[in-house]
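Enquirer: Shown below is the structure under consideration.
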Amino acid sequence: MPNATAEQLKAIAAGLMEAAGAKPEHAAIIARHTTGANLAGHDSHGIILVPTYIERIKRGHIEPLAEFEVTRETDATLTVDGHWGFGYVVTEYTMGRVIEKAKAHGVGAATVFRQSHVGRVADYPLMAAAEGMIGMMTADSGRSAKAVVPFGGRETRLGTNPICITMPSNLEGPLYVDMATSAVAAGKINVAVARGASQVPEGWLIDKNGTATRDPNALRDGGALLPLGGSEGYKGYGLSVMVEILSGILPGLGFGHEPSGRHNDGIFMAAFRVDAFLDLRQFKAEVTEFAHYLKATPKAEGFDEIYYPGEIEYLTTRRKLVEGVDIEDATWAKLTTLAQEYGIAVDLGL
């Protein structure tokens with residue numbers, strides 16, 4: 001597999017997105033987020049998505065020059081219509097507004113609708129944590145095609161419906177949880193297919209007949225993802241339903257599947273100013289002590305380290321900034337083909 005530095009990945013992603021019609025400043029935002037996902041070890045949300053975004057632009061599913069619009073607003077809340085623009089751009093703007101409202105009122109919250117894919121959910125609540133706030137966000141794919149079955153079902157009804165919560169601390173890396181409420185994010189299945197894997201872990205998938213399978217190609221052949229939790233999948237299912245309500249129904253997207261297939265990330269986000277509840281220095285110190293307390297737990301057999309939530313991504317990012325990022329051949333070939341199509345392959349080193 002080719003290996004690229006973070007700066008190379010940013011240049012490739014930004015160059016291709018700009019060639020496809022994005023404003024230079026928007027292309028840079030998309031490139032920063034996708035590269036950050038690769039660095040954190042979440043390749044499913046990295047540069048592998050750039051060809052998908054360009055295909056959606058060509059199909060009219062993303063409006064690269066769209067201007068977003070605030071449609072409802074109170075002192076502490078707002079709702080934003082993305083007008084089918086880039087989710088990264090709209091959601092980053094909206095979290096910035098939410099943080100401003102939380103600074104003024106202790107709490108800020110927002111919903112966003114009619115925007116394209118937002119990428120890795122953690123990127124936005126981490127903005128709040130950097131400002132000494134608790135951040136949270138949930139996301140749903142609106143009424144675009146679903147990939148997850150309800151617990152006990154064999155036909156898709158839900159998205160992967162991720163949720164993220166971040167906490168400010170004095171730790172070297174950020175403390176947060178960012179997870180799909182399905183057994184795995186759909187993008188990880190796509191990565192497995194792109195890398196030619198013949199099997200994925202048990203408990204991720206069922207085929208089109210509702211039978212458990214480990215074949216990653218089953219998802220594209222009418223199969224489905226299972227909810228998080230295995231035999232206790234009703235827990236992930238319950239979380240997914242709540243995320244769908246917060247991110248689908250509350251923003252006004254509704255639920256179910258609209259057959260045009262236009263991807264539509266609905267989101268709910270919030271920020272809470274810690275010092276509205278407790279002195280920020282005390283809070284950060286105690287969260288840090290709590291993390292160290294957890295890490296000091298005696299290790300079970302087979303484990304060399306106990307990590308606080310978010311630590312693995314932090315350590316992976318540090319390592320890949322030095323070692324570079326491996327990109328599967330299939331993705332690299334798609335990037336190269338697009339660069340040749342736009343006449344910028346030499347400029348991008350492809």
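Note on naming: chains are A, B, ... as they come in the structure tokens, residues start from 1 per chain, ligands start from 1 in the order shown.
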Tell me, as a ChimeraX atom specification, which residues lie within 6 Å of Leu228 in chain A, counting only C-alpha atoms; anything in the same chain fewer than 6 positions away does not count.

Expert: /A:181-183,236

Enquirer: Can you list, as JSON, numbers by chain, every residue of range 51-114 of chain A that DSSP puts in strand (DSSP E or B)?

Expert: {"A": [69, 70, 71, 72, 73, 77, 78, 79, 80, 81, 82, 83, 84, 85, 107, 108, 109, 110, 111, 112, 113, 114]}

Enquirer: Find the spatial neighbours of range 175-177 of chain A, counting only C-alpha atoms, within a cut-off of 7 Å - ignore same-chain residues fewer than 5 positions away - and output them as a PDB file with C-alpha atoms, in the first residue's frame.

Expert:
ATOM      1  CA  CYS A 164     -19.968  11.525  20.662  1.00  0.00           C
ATOM      2  CA  ILE A 165     -19.352  13.127  24.078  1.00  0.00           C
ATOM      3  CA  THR A 166     -16.159  15.014  24.908  1.00  0.00           C
ATOM      4  CA  MET A 167     -14.743  16.216  28.245  1.00  0.00           C
ATOM      5  CA  TYR A 308      -8.784   6.185  28.659  1.00  0.00           C
ATOM      6  CA  PRO A 309     -11.423   6.828  25.970  1.00  0.00           C
ATOM      7  CA  GLY A 310      -9.811   8.695  23.099  1.00  0.00           C
ATOM      8  CA  GLU A 311      -6.233   7.855  24.083  1.00  0.00           C
TER       9      GLU A 311
END

Enquirer: Distance CA of Leu16 in chain A-CA of Ala339 in chain A, one decimal place?

Expert: 6.6 Å

Enquirer: Taking the DSSP assignment computed from this structure's backbone, write out as a count of residues only all residues of range 84-291 of chain A that belong to alpha helix (DSSP H).

Expert: 56

Enquirer: For Ala197 in chain A, which residue out of A:Asn217, A:Ala14, A:Arg114, A:Ala212 is the nearest one, using only C-alpha atoms?

Expert: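 Among A:Asn217, A:Ala14, A:Arg114, A:Ala212, it is A:Asn217 that comes nearest to Ala197 in chain A.
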
Enquirer: One number please: CA of Thr94 in chain A to CA of Thr79 in chain A, in Å, one decimal.

Expert: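 We find that CA of Thr94 in chain A and CA of Thr79 in chain A lie 8.7 Å from each other.
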
Enquirer: For Val70 in chain A, please output as an MDAnalysis selection string all residues within 10 Å (counting only C-alpha atoms; exclusion window: fewer than 5 positions along the same chain).

Expert: chainID A and resid 78:82 94 112

Enquirer: Now that the selection is made, can you save its residues with N, CA and C atoms as a CSV table (one decimal), in the first residue's frame?

Expert:
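Result file follows (out-v1.csv):
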chain,number,residue,atom,x,y,z
A,78,LEU,N,-30.1,27.1,17.9
A,78,LEU,CA,-30.3,27.5,16.5
A,78,LEU,C,-30.5,26.2,15.7
A,79,THR,N,-31.2,26.4,14.5
A,79,THR,CA,-31.4,25.4,13.6
A,79,THR,C,-30.8,25.9,12.2
A,80,VAL,N,-30.0,25.1,11.6
A,80,VAL,CA,-29.3,25.5,10.3
A,80,VAL,C,-29.7,24.6,9.2
A,81,ASP,N,-30.1,25.2,8.1
A,81,ASP,CA,-30.4,24.5,6.8
A,81,ASP,C,-29.1,24.6,6.0
A,82,GLY,N,-28.5,23.4,5.7
A,82,GLY,CA,-27.3,23.4,5.0
A,82,GLY,C,-27.4,23.5,3.5
A,94,THR,N,-21.6,25.6,12.7
A,94,THR,CA,-22.7,25.5,13.7
A,94,THR,C,-22.1,25.3,15.1
A,112,VAL,N,-29.0,20.6,12.6
A,112,VAL,CA,-28.7,20.9,11.2
A,112,VAL,C,-29.4,19.9,10.3

Enquirer: Select, from A:Asp275, A:Tyr342, A:Gly21, A:His257, the residue with the minimum atom-to-atom distance to Ile134 in chain A, counting only C-alpha atoms.

Expert: A:Asp275

Enquirer: Which residue is closest to Asn170 in chain A? Choose from A:Ile54, A:Leu219, A:Ala130, A:Ala102 and count only C-alpha atoms.

Expert: A:Ala130

Enquirer: Neighbouring residues of range 319-325 of chain A were defined as those with any atom within 6 Å, considering only C-alpha atoms; residues of the same chain fewer than 2 positions away were excluded. Please report them as an MDAnalysis selection string.

Expert: chainID A and resid 3:5 39 316:317

Enquirer: Write to file, as a short mmCIF file (atom, residue, chain, number, x, y, z; two decimals), in the first residue's frame, the residues of the selection just made, with N, CA and C atoms.

Expert:
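Dumped everything to out_26.cif:
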data_model
loop_
_atom_site.label_atom_id
_atom_site.label_comp_id
_atom_site.auth_asym_id
_atom_site.auth_seq_id
_atom_site.Cartn_x
_atom_site.Cartn_y
_atom_site.Cartn_z
N ASN A 3 2.24 4.89 1.01
CA ASN A 3 2.30 5.59 2.28
C ASN A 3 2.43 7.07 2.00
N ALA A 4 1.62 7.88 2.68
CA ALA A 4 1.62 9.32 2.44
C ALA A 4 1.71 10.07 3.77
N THR A 5 2.31 11.23 3.74
CA THR A 5 2.35 12.09 4.91
C THR A 5 1.01 12.81 5.05
N LEU A 39 -5.24 9.95 10.29
CA LEU A 39 -4.21 10.00 11.32
C LEU A 39 -4.66 9.30 12.60
N THR A 316 -2.23 7.12 18.17
CA THR A 316 -2.14 6.74 16.76
C THR A 316 -1.82 7.96 15.90
N THR A 317 -2.44 9.09 16.20
CA THR A 317 -2.16 10.33 15.47
C THR A 317 -0.70 10.73 15.61
#

Enquirer: Write out as a PDB file with C-alpha atoms, in the first residue's frame the residues lying within 10 Å of Gly152 in chain A, counting only C-alpha atoms and excluding same-chain residues fewer than 2 positions away.

Expert:
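Contents of selection.pdb, as written:
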ATOM      1  CA  VAL A 149     -31.610  -3.554  11.372  1.00  0.00           C
ATOM      2  CA  PRO A 150     -33.598  -3.081  14.577  1.00  0.00           C
ATOM      3  CA  ARG A 154     -33.735  -8.582   9.111  1.00  0.00           C
ATOM      4  CA  GLU A 155     -34.596  -5.483   7.075  1.00  0.00           C
ATOM      5  CA  GLY A 210     -31.114 -12.463   7.836  1.00  0.00           C
ATOM      6  CA  LEU A 226     -26.424  -5.371  13.386  1.00  0.00           C
ATOM      7  CA  PRO A 227     -26.980  -3.000  16.303  1.00  0.00           C
ATOM      8  CA  SER A 231     -26.783 -10.793  22.134  1.00  0.00           C
ATOM      9  CA  GLY A 233     -28.162  -5.669  20.881  1.00  0.00           C
ATOM     10  CA  TYR A 234     -31.343  -4.119  22.225  1.00  0.00           C
ATOM     11  CA  TYR A 237     -30.823  -0.464  19.191  1.00  0.00           C
TER      12      TYR A 237
END

Enquirer: Go through A:Val89, A:Ile327, A:Ala192, A:Leu280 and flag the residue nearest Met1 in chain A, using only C-alpha atoms for the distances.

Expert: A:Ile327

Enquirer: If you measure from CA of Phe283 in chain A to CA of Thr77 in chain A, what distance in Å do you get, rounded to one decimal?

Expert: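 Going from CA of Phe283 in chain A over to CA of Thr77 in chain A, I get 25.0 Å.
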